[in-house]
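Listing of work22.cif; format and content: mmCIF, C-alpha atoms.
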data_entry
#
loop_
_atom_site.label_atom_id
_atom_site.label_comp_id
_atom_site.auth_asym_id
_atom_site.auth_seq_id
_atom_site.Cartn_x
_atom_site.Cartn_y
_atom_site.Cartn_z
CA MET W 347 61.70 50.10 92.67
CA GLY W 348 59.60 50.72 95.77
CA ARG W 349 56.59 52.99 95.88
CA ASP W 350 58.39 55.36 98.24
CA ASN W 351 61.31 55.68 95.86
CA ARG W 352 59.04 56.40 92.91
CA GLN W 353 57.20 58.99 94.95
CA GLU W 354 60.51 60.54 96.02
CA GLU W 355 61.67 60.75 92.43
CA ALA W 356 58.39 62.29 91.36
CA ILE W 357 58.67 64.93 94.06
CA ASP W 358 62.29 65.63 93.11
CA ALA W 359 61.26 66.12 89.49
CA ILE W 360 58.44 68.47 90.42
CA LEU W 361 60.73 70.47 92.66
CA LYS W 362 63.34 70.79 89.95
CA ASP W 363 60.77 71.87 87.38
CA ALA W 364 59.33 74.47 89.72
CA TYR W 365 62.80 75.78 90.43
CA ARG W 366 63.94 75.83 86.81
CA GLU W 367 60.96 77.90 85.84
CA ILE W 368 61.80 80.72 88.21
CA GLU W 369 62.52 83.87 86.22
CA PRO W 370 62.85 87.53 87.09
CA ALA W 371 59.77 89.71 86.80
CA ASP W 372 61.16 91.34 83.65
CA SER W 373 63.86 89.19 82.02
CA TRP W 374 67.20 87.51 82.63
CA ALA W 375 68.90 90.03 80.38
CA ALA W 376 67.48 92.93 82.39
CA LEU W 377 68.65 91.36 85.65
CA ARG W 378 72.10 90.72 84.20
CA GLY W 379 72.27 94.36 83.17
CA ARG W 380 71.34 95.52 86.68
CA ILE W 381 74.03 93.32 88.25
CA GLY W 382 76.61 94.62 85.79
CA ARG W 383 75.69 98.22 86.55
CA THR W 384 75.88 97.54 90.28
CA ILE W 385 79.38 96.12 89.94
CA ASN W 386 80.58 98.82 87.58
CA GLY W 387 79.03 101.61 89.59
CA ALA W 388 80.29 100.42 92.93
CA LYS W 389 81.29 103.54 94.82
CA LEU W 390 82.97 101.78 97.71
CA PRO W 391 86.61 100.94 97.13
CA SER W 392 86.66 97.27 96.27
CA VAL W 393 89.41 94.93 97.35
CA SER W 394 90.56 94.90 93.75
CA ALA W 395 90.70 98.67 93.72
CA VAL W 396 92.71 98.65 96.92
CA GLN W 397 95.04 96.08 95.39
CA LEU W 398 95.36 98.26 92.33
CA GLU W 399 96.27 101.22 94.51
CA GLN W 400 98.82 99.10 96.32
CA ARG W 401 100.31 98.05 93.01
CA ILE W 402 100.46 101.67 91.89
CA ALA W 403 102.20 102.57 95.15
CA PHE W 404 104.62 99.69 94.61
CA TRP W 405 105.47 100.80 91.10
CA ARG W 406 105.81 104.38 92.29
CA ARG W 407 108.34 103.19 94.88
CA ALA W 408 110.04 101.06 92.24
CA ALA W 409 110.29 104.09 89.95
CA LEU W 410 111.80 106.12 92.78
CA ALA W 411 114.24 103.31 93.49
CA SER W 412 115.17 103.16 89.80
CA ALA W 413 115.72 106.89 89.79
CA ALA W 414 117.91 106.55 92.88
CA CYS W 415 119.76 103.71 91.18
CA LEU W 416 120.37 105.94 88.16
CA LEU W 417 121.72 108.63 90.46
CA VAL W 418 124.04 106.13 92.11
CA THR W 419 125.19 104.87 88.72
CA ALA W 420 125.73 108.42 87.54
CA GLY W 421 127.70 109.10 90.70
CA LEU W 422 129.83 106.04 90.11
CA LEU W 423 130.39 107.14 86.53
CA VAL W 424 131.51 110.58 87.63
CA TYR W 425 133.79 108.88 90.13
CA THR W 426 135.28 106.69 87.42
CA LEU W 427 135.79 109.58 85.05
CA GLY W 428 137.36 111.58 87.84
CA LEU W 429 139.75 108.76 88.56
CA MET W 430 140.60 108.42 84.90
CA GLN W 431 141.38 112.10 84.71
CA GLY W 432 143.34 111.76 87.93
CA GLY W 433 145.41 109.11 86.25
CA ARG W 434 144.69 106.16 88.50
CA LEU W 435 143.25 103.83 85.88
CA THR W 436 146.20 104.23 83.61
CA ALA W 437 148.81 104.88 86.24
CA PRO W 438 151.60 102.52 87.16
CA ILE W 439 150.52 100.19 89.90
CA ASN W 440 152.26 101.88 92.78
CA GLU W 441 150.61 105.19 92.01
CA GLY W 442 147.15 103.67 92.32
CA LEU W 443 146.79 104.11 96.05
CA PHE W 444 143.67 105.44 97.72
CA SER W 445 143.09 109.10 98.18
CA GLN W 446 140.88 110.29 101.01
CA ALA W 447 138.42 111.80 98.52
CA GLN W 448 138.05 108.47 96.72
CA LEU W 449 137.40 106.63 99.96
CA VAL W 450 134.70 109.12 100.91
CA GLN W 451 133.08 108.82 97.48
CA LEU W 452 133.12 105.03 97.65
CA LYS W 453 131.69 105.05 101.16
CA ASP W 454 128.85 107.35 100.06
CA ALA W 455 128.10 105.24 96.99
CA PHE W 456 128.02 102.11 99.13
CA SER W 457 125.73 103.79 101.63
CA ASN W 458 123.31 104.79 98.82
CA VAL W 459 123.26 101.29 97.40
CA ARG W 460 122.54 99.81 100.82
CA GLU W 461 119.62 102.16 101.30
CA LEU W 462 118.37 101.33 97.85
CA PHE W 463 118.23 97.62 98.53
CA GLU W 464 117.37 97.85 102.20
CA GLN W 465 119.86 95.05 102.70
CA GLN W 466 122.75 94.70 105.07
CA SER W 467 124.62 92.30 102.83
CA THR W 468 125.15 94.55 99.81
CA TRP W 469 128.48 94.95 98.04
CA ILE W 470 129.58 97.06 95.08
CA MET W 471 132.39 96.73 92.59
CA LEU W 472 133.49 99.63 90.46
CA GLY W 473 136.00 99.07 87.70
CA SER W 474 137.73 100.59 84.78
CA GLY W 475 135.75 101.15 81.60
CA ASN W 476 132.69 102.25 83.58
CA ASN W 477 132.10 98.72 84.75
CA ALA W 478 130.19 98.37 87.95
CA GLU W 479 128.43 95.55 89.73
CA ILE W 480 126.11 95.60 92.69
CA GLY W 481 125.23 92.42 94.54
CA LEU W 482 124.13 90.78 97.73
CA ASP W 483 125.97 88.16 99.71
CA PRO W 484 123.62 85.16 99.57
CA ALA W 485 125.00 83.96 102.90
CA GLY W 486 124.00 87.33 104.33
CA ALA W 487 126.99 87.53 106.65
CA ALA W 488 126.35 89.77 109.64
CA PRO W 489 127.96 93.11 108.89
CA ASN W 490 130.40 94.65 111.25
CA ALA W 491 128.54 97.51 112.83
CA GLY W 492 131.12 100.20 112.32
CA ASP W 493 133.38 99.35 109.39
CA ILE W 494 133.33 98.70 105.72
CA VAL W 495 136.33 97.54 103.74
CA VAL W 496 137.48 98.95 100.44
CA VAL W 497 139.68 96.64 98.41
CA ARG W 498 141.39 97.94 95.34
CA LEU W 499 142.47 95.28 92.87
CA ALA W 500 145.11 95.94 90.21
CA VAL W 501 145.07 93.43 87.37
CA ASN W 502 148.29 93.12 85.46
CA PHE W 503 149.20 90.94 82.45
CA GLU W 504 152.85 89.98 82.51
CA LYS W 505 153.54 89.88 78.76
CA GLN W 506 151.51 92.93 77.88
CA ASP W 507 153.12 96.27 78.09
CA ALA W 508 150.04 97.97 79.40
CA ALA W 509 149.08 99.76 82.55
CA PRO W 510 147.18 97.68 85.09
CA SER W 511 143.40 97.81 85.32
CA PHE W 512 141.96 98.83 88.66
CA PHE W 513 138.79 97.71 90.39
CA ASP W 514 137.40 98.89 93.73
CA VAL W 515 135.30 96.55 95.84
CA VAL W 516 133.35 97.86 98.82
CA THR W 517 131.82 95.43 101.24
CA PHE W 518 131.54 94.60 104.92
CA PRO W 519 134.29 92.58 106.59
CA SER W 520 133.71 88.81 106.22
CA GLN W 521 131.09 89.41 103.55
CA ARG W 522 131.63 87.78 100.19
CA ALA W 523 131.42 89.58 96.84
CA ASP W 524 131.21 87.60 93.59
CA PHE W 525 131.82 89.54 90.40
CA GLN W 526 133.65 89.61 87.09
CA LEU W 527 136.64 91.71 86.18
CA PRO W 528 136.07 92.79 82.58
CA LEU W 529 139.34 93.19 80.72
CA ALA W 530 139.99 94.93 77.43
CA ASP W 531 141.85 92.26 75.46
CA SER W 532 141.03 89.01 77.23
CA PRO W 533 138.10 87.14 78.70
CA PRO W 534 136.81 88.39 82.05
CA ILE W 535 138.14 86.94 85.27
CA ARG W 536 135.63 85.63 87.75
CA VAL W 537 136.42 86.64 91.29
CA SER W 538 135.01 85.69 94.62
CA LEU W 539 136.43 87.94 97.29
CA ARG W 540 136.04 88.18 101.05
CA PRO W 541 137.94 90.71 103.15
CA LEU W 542 138.76 89.57 106.69
CA LEU W 543 139.32 92.21 109.33
CA LYS W 544 141.21 91.28 112.49
CA ASP W 545 142.89 93.64 114.94
CA ASP W 546 142.87 96.43 112.32
CA ALA W 547 144.76 94.21 109.87
CA ILE W 548 143.07 93.14 106.66
CA ALA W 549 143.49 89.86 104.84
CA VAL W 550 141.78 89.13 101.54
CA GLU W 551 140.42 85.71 100.75
CA ILE W 552 140.21 85.52 96.97
CA ASN W 553 139.19 82.88 94.49
CA ALA W 554 139.92 83.84 90.90
CA GLN W 555 139.05 81.93 87.74
CA ALA W 556 140.21 82.75 84.22
CA ASP W 557 139.44 81.02 80.91
CA GLY W 558 136.69 79.12 82.72
CA ARG W 559 139.22 76.63 84.10
CA ALA W 560 142.41 78.11 85.55
CA LYS W 561 141.65 78.71 89.18
CA SER W 562 143.55 80.04 92.13
CA GLU W 563 142.60 80.49 95.75
CA ASN W 564 144.50 82.39 98.43
CA THR W 565 144.13 84.28 101.65
CA THR W 566 146.71 87.04 101.88
CA PRO W 567 147.30 89.87 104.34
CA VAL W 568 147.26 93.18 102.51
CA ASP W 569 148.51 96.65 103.23
CA ASP W 570 146.94 100.02 102.42
CA GLU W 571 150.07 101.70 101.14
CA ALA W 572 151.59 99.12 98.79
CA PHE W 573 150.01 96.55 96.54
CA THR W 574 150.36 92.91 97.52
CA SER W 575 150.14 90.07 95.03
CA LEU W 576 146.99 88.08 95.77
CA VAL W 577 146.84 85.52 92.97
CA ARG W 578 148.65 84.66 89.75
CA LEU W 579 147.03 82.52 87.14
CA PRO W 580 147.27 81.72 83.43
CA CYS W 581 144.89 83.62 81.21
CA ASP W 582 144.61 83.83 77.44
CA GLY W 583 148.17 82.63 76.79
CA ASP W 584 149.62 84.98 79.34
CA TRP W 585 149.94 85.19 83.09
CA VAL W 586 147.76 87.56 85.00
CA THR W 587 148.50 88.85 88.46
CA ILE W 588 145.87 90.32 90.74
CA ASN W 589 147.34 92.66 93.31
CA GLY W 590 145.44 94.32 96.09
CA ILE W 591 145.43 97.02 98.70
CA ALA W 592 142.70 97.41 101.26
CA GLN W 593 141.54 99.88 103.79
CA SER W 594 138.81 99.80 106.38
CA VAL W 595 136.58 102.84 106.59
CA SER W 596 134.08 103.74 109.21
CA SER W 597 130.62 103.34 107.71
CA ILE W 598 129.11 105.83 110.12
CA MET Z 1138 86.97 76.33 81.61
CA ASP Z 1139 86.70 76.10 85.37
CA ASP Z 1140 86.25 79.05 87.69
CA LEU Z 1141 89.82 79.30 88.94
CA PRO Z 1142 91.36 81.29 86.04
CA LEU Z 1143 88.38 83.64 86.06
CA VAL Z 1144 88.69 84.17 89.81
CA GLU Z 1145 92.43 84.81 89.50
CA ALA Z 1146 91.84 87.30 86.68
CA SER Z 1147 89.11 88.97 88.75
CA ARG Z 1148 91.58 89.39 91.59
CA THR Z 1149 93.73 91.51 89.32
CA GLY Z 1150 90.76 93.79 88.71
CA ASP Z 1151 89.63 92.19 85.45
CA ARG Z 1152 85.92 93.08 85.38
CA GLY Z 1153 85.45 91.05 82.22
CA ALA Z 1154 86.51 87.89 84.01
CA PHE Z 1155 84.21 88.68 86.90
CA GLY Z 1156 81.46 89.29 84.36
CA SER Z 1157 81.96 85.72 83.12
CA LEU Z 1158 81.52 84.45 86.67
CA ILE Z 1159 78.31 86.45 86.95
CA ASP Z 1160 77.09 84.95 83.69
CA ARG Z 1161 77.67 81.48 85.07
CA TYR Z 1162 75.85 81.83 88.35
CA TYR Z 1163 73.46 84.76 88.42
CA GLN Z 1164 70.46 82.68 87.38
CA SER Z 1165 71.11 80.10 90.09
CA VAL Z 1166 71.60 82.81 92.68
CA TYR Z 1167 68.40 84.51 91.62
CA ARG Z 1168 66.44 81.26 91.76
CA LEU Z 1169 67.78 80.46 95.21
CA ALA Z 1170 66.89 83.92 96.48
CA TYR Z 1171 63.44 83.89 94.91
CA GLN Z 1172 62.64 80.40 96.14
CA TYR Z 1173 63.61 81.41 99.64
CA THR Z 1174 61.99 84.84 99.81
CA GLY Z 1175 59.10 84.47 97.36
CA SER Z 1176 59.67 88.03 96.20
CA HIS Z 1177 61.08 89.11 92.86
CA HIS Z 1178 62.07 92.41 94.37
CA ASP Z 1179 64.00 90.75 97.21
CA ALA Z 1180 65.54 88.18 94.89
CA ASP Z 1181 66.73 90.97 92.61
CA ASP Z 1182 68.29 92.83 95.52
CA VAL Z 1183 69.93 89.72 96.94
CA CYS Z 1184 71.35 88.79 93.56
CA GLN Z 1185 72.95 92.18 93.01
CA GLU Z 1186 74.17 92.40 96.59
CA ALA Z 1187 75.67 88.90 96.48
CA PHE Z 1188 77.76 89.63 93.40
CA LEU Z 1189 78.78 93.03 94.68
CA ARG Z 1190 79.99 91.46 97.94
CA ALA Z 1191 81.78 88.75 96.00
CA PHE Z 1192 83.47 91.33 93.80
CA ASP Z 1193 84.61 93.34 96.80
CA ALA Z 1194 85.88 90.33 98.71
CA ILE Z 1195 87.23 88.11 95.94
CA GLU Z 1196 90.73 88.49 97.38
CA SER Z 1197 89.58 86.66 100.49
CA LEU Z 1198 88.46 83.58 98.55
CA ARG Z 1199 91.32 81.18 99.27
CA ASP Z 1200 90.34 78.46 96.83
CA GLY Z 1201 89.30 80.06 93.56
CA ALA Z 1202 87.85 76.79 92.31
CA ARG Z 1203 85.21 77.06 95.06
CA PHE Z 1204 83.60 80.19 93.66
CA LYS Z 1205 80.25 78.53 93.07
CA GLY Z 1206 79.95 77.35 96.67
CA TRP Z 1207 81.17 80.71 97.88
CA ILE Z 1208 78.61 82.76 95.95
CA PHE Z 1209 75.89 80.43 97.23
CA THR Z 1210 77.14 80.96 100.77
CA ILE Z 1211 76.94 84.72 100.33
CA ALA Z 1212 73.48 84.47 98.80
CA SER Z 1213 72.29 82.08 101.53
CA ASN Z 1214 73.46 84.44 104.24
CA LEU Z 1215 71.74 87.34 102.53
CA VAL Z 1216 68.41 85.57 102.18
CA ARG Z 1217 68.50 84.44 105.80
CA GLU Z 1218 69.28 87.97 106.96
CA ARG Z 1219 66.41 89.26 104.87
CA ALA Z 1220 64.04 86.58 106.16
CA LYS Z 1221 64.87 87.45 109.76
CA LYS Z 1222 64.22 91.09 109.06
CA MET Z 1223 60.90 90.26 107.40
CA GLN Z 1224 59.84 88.06 110.33
CA PHE Z 1225 60.66 90.86 112.73
CA GLU Z 1226 58.66 93.37 110.70
CA LYS Z 1227 55.78 90.89 110.44
CA LYS Z 1228 55.73 90.48 114.22
CA LEU Z 1229 55.63 94.22 114.65
CA ALA Z 1230 52.76 94.44 112.20
CA VAL Z 1231 50.83 91.71 114.04
CA LYS Z 1232 51.33 93.45 117.36
CA GLY Z 1233 50.20 96.72 115.89
CA SER Z 1234 47.04 95.47 114.20
CA GLY Z 1235 46.01 92.72 116.57
CA VAL Z 1236 45.18 90.64 113.56
CA GLY Z 1237 47.05 87.50 112.70
CA ALA Z 1238 49.17 87.60 109.62
CA VAL Z 1239 47.38 86.27 106.62
CA GLY Z 1240 49.15 83.18 105.30
CA PRO Z 1241 49.76 82.74 101.66
CA SER Z 1242 46.58 81.62 99.97
CA ALA Z 1243 47.18 78.16 98.77
CA ASN Z 1244 43.79 76.75 98.11
CA ALA Z 1245 45.19 75.28 94.96
CA ASP Z 1246 47.00 72.59 96.96
CA CYS Z 1247 43.65 71.08 97.89
CA GLU Z 1248 43.61 69.44 94.50
CA PRO Z 1249 46.00 66.83 93.17
CA LEU Z 1250 48.88 68.43 91.32
CA ARG Z 1251 48.12 66.65 88.10
CA LYS Z 1252 44.74 68.35 87.94
CA LEU Z 1253 46.31 71.75 88.28
CA SER Z 1254 47.73 73.69 85.41
CA ALA Z 1255 51.49 73.61 85.13
CA GLN Z 1256 51.67 77.17 86.39
CA GLU Z 1257 49.47 76.45 89.38
CA ARG Z 1258 51.41 73.33 90.23
CA THR Z 1259 54.67 75.23 90.12
CA SER Z 1260 53.26 77.92 92.40
CA VAL Z 1261 52.05 75.36 94.92
CA VAL Z 1262 55.35 73.54 95.03
CA ARG Z 1263 57.30 76.75 95.50
CA LEU Z 1264 54.92 77.84 98.20
CA LYS Z 1265 55.24 74.55 100.04
CA VAL Z 1266 59.03 74.78 99.97
CA ARG Z 1267 58.84 78.32 101.25
CA GLU Z 1268 56.70 77.15 104.18
CA MET Z 1269 59.32 74.62 105.25
CA PRO Z 1270 60.99 75.15 108.63
CA GLU Z 1271 63.97 77.42 108.38
CA ASP Z 1272 66.61 74.81 109.20
CA ILE Z 1273 65.64 72.42 106.42
CA ARG Z 1274 64.51 74.89 103.77
CA LEU Z 1275 67.94 75.85 102.45
CA VAL Z 1276 69.04 72.24 102.38
CA ALA Z 1277 65.99 71.38 100.28
CA ILE Z 1278 66.61 74.27 97.91
CA LEU Z 1279 70.34 73.65 97.50
CA ILE Z 1280 70.17 69.87 97.09
CA LEU Z 1281 66.72 68.99 95.79
CA MET Z 1282 66.21 72.04 93.59
CA GLU Z 1283 69.63 73.47 92.72
CA GLY Z 1284 71.20 70.02 92.56
CA LEU Z 1285 74.25 70.52 94.80
CA SER Z 1286 75.84 67.48 96.37
CA GLN Z 1287 75.48 67.00 100.11
CA LYS Z 1288 79.17 67.77 100.48
CA ASP Z 1289 78.89 71.06 98.58
CA ALA Z 1290 75.75 72.01 100.48
CA ALA Z 1291 77.58 71.36 103.75
CA ALA Z 1292 80.34 73.72 102.61
CA VAL Z 1293 77.82 76.38 101.61
CA LEU Z 1294 75.98 76.15 104.94
CA SER Z 1295 79.15 75.75 107.00
CA CYS Z 1296 77.96 72.60 108.70
CA SER Z 1297 78.86 68.93 108.61
CA GLU Z 1298 77.73 66.55 105.93
CA ALA Z 1299 76.01 64.50 108.63
CA THR Z 1300 73.92 67.55 109.57
CA VAL Z 1301 73.05 68.14 105.93
CA CYS Z 1302 72.11 64.48 105.56
CA ARG Z 1303 69.80 64.65 108.59
CA ARG Z 1304 68.18 67.86 107.38
CA LEU Z 1305 67.74 66.42 103.91
CA GLU Z 1306 65.90 63.42 105.30
CA ALA Z 1307 63.71 65.74 107.33
CA ALA Z 1308 63.09 67.89 104.24
CA ARG Z 1309 62.10 64.87 102.17
CA ALA Z 1310 59.76 63.66 104.86
CA TRP Z 1311 58.24 67.12 105.22
CA LEU Z 1312 57.69 67.51 101.47
CA SER Z 1313 56.47 63.97 101.05
CA ALA Z 1314 53.82 64.46 103.71
CA ARG Z 1315 52.53 67.59 101.99
CA LEU Z 1316 52.90 66.72 98.35
CA ARG Z 1317 52.16 62.97 98.41
CA SER Z 1318 48.44 63.36 98.10
CA LEU Z 1319 48.90 65.75 95.26
CA ILE Z 1320 50.92 63.50 92.97
#

Would you kindly transcribe this structure into C-alpha cells?
Amino acid sequence: MGRDNRQEEAIDAILKDAYREIEPADSWAALRGRIGRTINGAKLPSVSAVQLEQRIAFWRRAALASAACLLVTAGLLVYTLGLMQGGRLTAPINEGLFSQAQLVQLKDAFSNVRELFEQQSTWIMLGSGNNAEIGLDPAGAAPNAGDIVVVRLAVNFEKQDAAPSFFDVVTFPSQRADFQLPLADSPPIRVSLRPLLKDDAIAVEINAQADGRAKSENTTPVDDEAFTSLVRLPCDGDWVTINGIAQSVSSI
Amino acid sequence: MDDLPLVEASRTGDRGAFGSLIDRYYQSVYRLAYQYTGSHHDADDVCQEAFLRAFDAIESLRDGARFKGWIFTIASNLVRERAKKMQFEKKLAVKGSGVGAVGPSANADCEPLRKLSAQERTSVVRLKVREMPEDIRLVAILILMEGLSQKDAAAVLSCSEATVCRRLEAARAWLSARLRSLI
C-alpha cells in the first residue's frame, strides 16, 4: 500500500471520527423531542392532512351516493309493491302490458341510477320478488341521445300452472345488459339482452342460459302491445319460455 | 425493514411511521447540518425544519425507498440557504465596521494532530472541513464523513456522478494538503 493511500485512509478515519462525535448541545433525546413536537405541532396543513380531508370528502360523497342508492332502491321497491298490488306480477301474461305510470317510474329510476354512477352505460333490471340489478355495459356502447328502451320479460314454465314472472329492463338502445332472472322454484336464468332500435321498431337480441348449460340465442322483433316469444329452453325438467314486449321512451 | 413501508404509512397520515423515519435519520441530518454550519443552534433549526418539510411533502416523494437521500437533499438545501444568508450578513457587518471578519481561531492546527487531545483534534478537523470551498464541502461531508456512495451523493446534490467524483478528488487534495502535516 502506497504512502498516499495510507495517508488518505488516515484522513478518512479522522474525518469519520470527528463526524461521529458530533452531538447536540444538550442531548440526542432532547433534540428528538424537539423534532417530534415540531411535527406534531405543525400548524400549516400538511400534505397528509390535505389528503385526509380529501378522503373525508370522498367518503362524504360516497355516503351521499349510498343514501341516494337507498332512495332509488326504496323507490324501486315501492314500484314493485305497487305493481304487485296492481296485479301485474301475478296477472296472466297478456294483462302485463305497460301502463304510462309504470314507464314514467322506470324512466325516473333509470335517470337516478345514471346520475348516481355518472355513467352513460348504466342499465337496471327490476323483477318480481323485489329483485333488482344495476349494472354497466362493459363495452360502454354510445347511448342514443334521446331514447331509452324498456323491455318487459315474462317468464313462463310450460308444465307449471303458475302465473308468469315479470322483469323490466331499462337500458339504452344497442346497450347490453347482463343479469339473472331469479325464479321461485327453479335455478335462475342468466340473460344477456340488447335492445336494437331501428325506425321506431324494436328488436331484442337475447342470450339466455338455464341450468348452466342449456343456451338459446335469438334476435326477435317485439311489439309494445302483445308479448312475443323470445326464447324457449329446457330448465329444471321443464320448458321455459321468455316472452317480451318493449317500448322506447324519451329519456329527456 | 426498509424505508418504503414507513414512507407509505406516513403518506396515509401515520405519524408513528414518520416518527420511525425520524429515529433513523435525525442524527445524521443533525451531524450534516452541524458540520456544515458549525453552530448547534443552526443545526437544531435545520434538523427540525428538514423533517417538517419532509412530513409536509412526503406525498411528492415518488420513490419511497429513497427517503434517506431525499432527507439529505432537503437538509443540504437548508444548510446552503443558511450559509448564503450568513455570508450576506457577514458582508454587511464587515461593511459596517470596516474591520475584517475574524476567522475562526485555529491555532491548534499548528501542531500535529497526534499531539493534540482527542477533543482538540476533532475540533480542528471539523473546522478544516468547514473552511473548504463551498462546492466541495458537501461532497466531503456526504461521502467522506457520512459515508454515502458517490452515486447517492450525486442524487442528493442533483448532479452527475462524474461531477461528484471530480469534487471528491478536489476535496481529498484540499484536505490532504491541510491535514497531512498534522498526521

Atom CA of Z:Arg1263 to atom CA of Z:Ala1299, distance in Å rounded to a single decimal: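 Going from atom CA of Z:Arg1263 over to atom CA of Z:Ala1299, I get 25.9 Å.
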
Local residues around (147.1, 83.1, 79.9), at most 9 Å away, using only C-alpha atoms, as number ranges by chain: W: 503, 532, 556-557, 560, 579-586

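Straight-line separation from atom CA of W:Leu443 to atom CA of W:Ser594: 13.7 Å.
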
Matched chain/residue IDs from the PyMOL selection byres ((chain W and resi 533-544) around 8), as a ChimeraX atom specification: /W:495,497,517-529,531-532,545-557,582

Exercise answer, chain Z residues close to chain W, 7 Å and all atoms listed in the file, as a VMD selection string: chain Z and resid 1148 to 1150 1168 1177 1185 1189 1193 to 1194 1196 1259 1262 to 1263 1281 to 1282

Selected residue, from Z:Tyr1173, Z:Phe1155, Z:Trp1311, Z:Phe1209, that lies nearest to Z:Ala1187 when counting all atoms listed in the file: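 Smallest distance to Z:Ala1187 is found for Z:Phe1209.
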
Computed interatomic separation between atom CA of Z:Arg1304 and atom CA of Z:Ile1273 (Å): 5.3 Å

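Using only C-alpha atoms for every distance, the candidate list Z:Leu1169, Z:Lys1205, Z:Leu1294, Z:Arg1315 yields Z:Arg1315 as the residue closest to Z:Glu1268.
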
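Among Z:Glu1218, Z:Asp1289, Z:Asp1182, Z:Asp1139, the residue with the shortest atom-to-atom distance to Z:Val1301, counting all atoms listed in the file, is Z:Asp1289.
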
Pick from W:Ser457, W:Ser373, W:Ser511, W:Ser562 nearest to W:Gly590, counting all atoms listed in the file: W:Ser511

Answer key for the PyMOL selection byres ((chain Z and resi 1158) around 10), residues as a list in words: Asp1139, Asp1140, Leu1143, Val1144, Ser1147, Arg1152, Gly1153, Ala1154, Phe1155, Gly1156, Ser1157, Ile1159, Asp1160, Arg1161, Tyr1162, Tyr1163, Phe1188, Phe1204, Lys1205 and Ile1208 of chain Z

From Z:Met1269, Z:Glu1283, Z:Pro1142, Z:Val1293, residue lying nearest Z:Gly1201 [all atoms listed in the file]: Z:Pro1142

Best match for closeness to Z:Ser1165 among Z:Ala1292, Z:Leu1279, Z:Leu1316, Z:Ile1195, counting all atoms listed in the file: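 Between Z:Ala1292, Z:Leu1279, Z:Leu1316, Z:Ile1195, the residue approaching Z:Ser1165 most closely is Z:Leu1279.
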